[in-house]
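A.B. asks: Before we start, here is the structure in question, set down as structure tokens.
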Amino acid sequence: MVKYWLLSVVACLFLVLNGCGGSSSVASGSGAQVGGASMQQFQATMPDGSVMELVIFSNDSLSWSGEYDDSAETGPYAYQDGTFSGTKNGDNVTMNCLNDDGTSFTMTGTANGDSSFSLTRSDLPGTVLNFTPVAVPKAAPTTDVSFNLNVTGSNGRCVMSTQVFSKQGGMTEYHGTWQGLNVIFWAYDSGYANIVIYINDYAIDSLTYASYRFSDFATVSKNSNSGYMNAYSPKTKVILKFGAVGAVSPG
């Protein structure tokens with residue numbers, strides 16, 4: 001029941017953001033998926049040597065949007081994460097990026113189809129970041145770890161694969177599912193962690209934790225330090241930000 005409550009809230013929000021009646025607000029074949037977004041991931045090296053990862057979960061006639069994380073644990077880009085919305089018209093790319101802390105920047109540049117991107121951040125003028133696909137690891141025999149995840153009152157069992165999807169410096173990425181939705185767990189060597197739930201092609205929940213590691217899921221209960229839900233409107237081209245809380249516990 002909680003799954004349908006969560007998805008119905010998102011569906012209602014989506015209708016409010018995009019309008020209803022007449023023709024559908026989602027173009028035919030757009031790829032919008034209630035139940036979890038499909039994801040493409042790209043990475044680029046920042047000037048400080050850290051790695052910025054883009055997770056693109058909407059790439060259609062309505063929008064080009066997703067989420068990003070930086071592997072830095074010190075300096076101006078430490079633990080930087082957020083969501084972006086923008087356009088990809090032919091080879092031209094424009095992205096409006098909203099950080100978790102409320103600050104923002106833009107990225108502009110060019111695309112080589114959907115295979116790579118050359119982008120410049122507004123806070124790094126003159127520096128071109130070359131984004132290339134994150135290599136998908138070969139499937140290997142692994143075990144799963146499961147735990148209870150509560151997101152703003154919606155509780156369910158989260159299952160994460162113990163296989164490392166990628167490792168960028170001190171940031172390790174794991175994939176899993178929660179109530180049929182895709183989940184990424186970004187774990188930093190320092191203990192900072194971020195759980196991102198991909199609700200659909202236009203909305204995510206993001207929960208941050210301090211002093212929490214992948215191995216803690218099986219034994220440690222903890223409330224999130226902060227959280228938010230971001231919903232993007234292809235109609236208004238605006239990201240709406242809502243507060244969110246989360247808790248993990250063994251189970």
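Naming scheme: A, B, ... for chains in displayed order of the structure tokens; residues 1 onward per chain; ligands 1 onward as shown.
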May I have the residues within 7 Å of region 95-111 of chain A as a list in words, using only C-alpha atoms and disregarding those fewer than 3 positions away in the same chain?

C.D. replies: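 Using only C-alpha atoms, the neighbours found are Gln80, Asp81, Gly82, Thr83, Phe84, Ser85, Gly86, Thr87, Asp91, Asn92, Asp114, Ser116, Phe117, Ser118, Leu119, Thr120, Arg121, Ser122 and Asp123 of chain A.
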
A.B. asks: How would you write, as a PyMOL selection string, the set of residues in region 152-216 of chain A that DSSP gives as strand (DSSP E)?

C.D. replies: chain A and resi 154-161+166-168+171-178+181-188+193-200+203-209

A.B. asks: I'd like the interatomic distance between CA of Phe57 (chain A) and CA of Thr208 (chain A), to a tenth of an Å.

C.D. replies: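 About the pair CA of Phe57 (chain A) and CA of Thr208 (chain A): they are 20.3 Å apart.
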
A.B. asks: With a distance cut-off of 7 Å and only C-alpha atoms, select the neighbouring residues of Tyr202 (chain A), excluding the residue or stretch itself and same-chain residues fewer than 4 positions from it, and output the selection as a PDB file with N, CA, C and O atoms, in the first residue's frame.

C.D. replies:
```
ATOM      1  N   SER A  58      16.087  11.355 -17.780  1.00  0.00           N
ATOM      2  CA  SER A  58      15.063  11.809 -18.731  1.00  0.00           C
ATOM      3  C   SER A  58      15.781  12.376 -19.942  1.00  0.00           C
ATOM      4  O   SER A  58      16.561  13.318 -19.829  1.00  0.00           O
ATOM      5  N   ALA A 231      11.221  17.614  -8.013  1.00  0.00           N
ATOM      6  CA  ALA A 231      10.336  17.247  -9.111  1.00  0.00           C
ATOM      7  C   ALA A 231      10.499  18.274 -10.221  1.00  0.00           C
ATOM      8  O   ALA A 231      10.386  19.478  -9.990  1.00  0.00           O
ATOM      9  N   TYR A 232      10.756  17.774 -11.434  1.00  0.00           N
ATOM     10  CA  TYR A 232      10.989  18.650 -12.577  1.00  0.00           C
ATOM     11  C   TYR A 232       9.740  18.717 -13.448  1.00  0.00           C
ATOM     12  O   TYR A 232       9.119  17.695 -13.738  1.00  0.00           O
TER      13      TYR A 232
END
```

A.B. asks: Can you tell me which residues surround region 124-134 of chain A at a distance of at most 9 Å, considering only C-alpha atoms, apart from same-chain residues fewer than 6 positions away, and format the answer as a VMD selection string?

C.D. replies: chain A and resid 40 to 47 52 to 54 109 115 to 118 166

A.B. asks: I'd like the interatomic distance between CA of Gly90 (chain A) and CA of Gly113 (chain A), to a tenth of an Å.

C.D. replies: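 Computing the Euclidean distance for CA of Gly90 (chain A) and CA of Gly113 (chain A) yields 7.7 Å.
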
A.B. asks: Work out how far CA of Asn225 (chain A) is from CA of Asp205 (chain A), in Å to one decimal.

C.D. replies: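 Going from CA of Asp205 (chain A) over to CA of Asn225 (chain A) covers 13.7 Å.
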
A.B. asks: Within 9 Å of region 214-221 of chain A, counting only C-alpha atoms, which residues show up once you throw out same-chain ones fewer than 2 positions away? Write them as a VMD selection string, please.

C.D. replies: chain A and resid 145 to 148 162 174 185 187 193 212 223 247 to 251

A.B. asks: Just asking: which residues within region 1-239 of chain A are alpha helix (DSSP H) according to DSSP, as a PyMOL selection string?

C.D. replies: chain A and resi 2-18

A.B. asks: Can those selected residues be exported to a file as a PDB file, in the first residue's frame so that it contains C-alpha atoms?

C.D. replies:
```pdb
ATOM      1  CA  VAL A   2       2.786   2.457   0.822  1.00  0.00           C
ATOM      2  CA  LYS A   3       4.260   1.965  -2.628  1.00  0.00           C
ATOM      3  CA  TYR A   4       1.038   3.037  -4.302  1.00  0.00           C
ATOM      4  CA  TRP A   5       0.668   5.950  -1.891  1.00  0.00           C
ATOM      5  CA  LEU A   6       4.122   7.220  -2.829  1.00  0.00           C
ATOM      6  CA  LEU A   7       3.588   6.759  -6.542  1.00  0.00           C
ATOM      7  CA  SER A   8       0.113   8.326  -6.441  1.00  0.00           C
ATOM      8  CA  VAL A   9       1.555  11.418  -4.750  1.00  0.00           C
ATOM      9  CA  VAL A  10       4.175  11.694  -7.483  1.00  0.00           C
ATOM     10  CA  ALA A  11       1.576  11.078 -10.207  1.00  0.00           C
ATOM     11  CA  CYS A  12      -0.704  13.813  -8.819  1.00  0.00           C
ATOM     12  CA  LEU A  13       2.246  16.179  -8.531  1.00  0.00           C
ATOM     13  CA  PHE A  14       3.221  15.379 -12.127  1.00  0.00           C
ATOM     14  CA  LEU A  15      -0.280  16.270 -13.346  1.00  0.00           C
ATOM     15  CA  VAL A  16      -0.210  19.558 -11.439  1.00  0.00           C
ATOM     16  CA  LEU A  17       3.186  20.429 -12.918  1.00  0.00           C
ATOM     17  CA  ASN A  18       2.359  19.494 -16.497  1.00  0.00           C
TER      18      ASN A  18
END
```
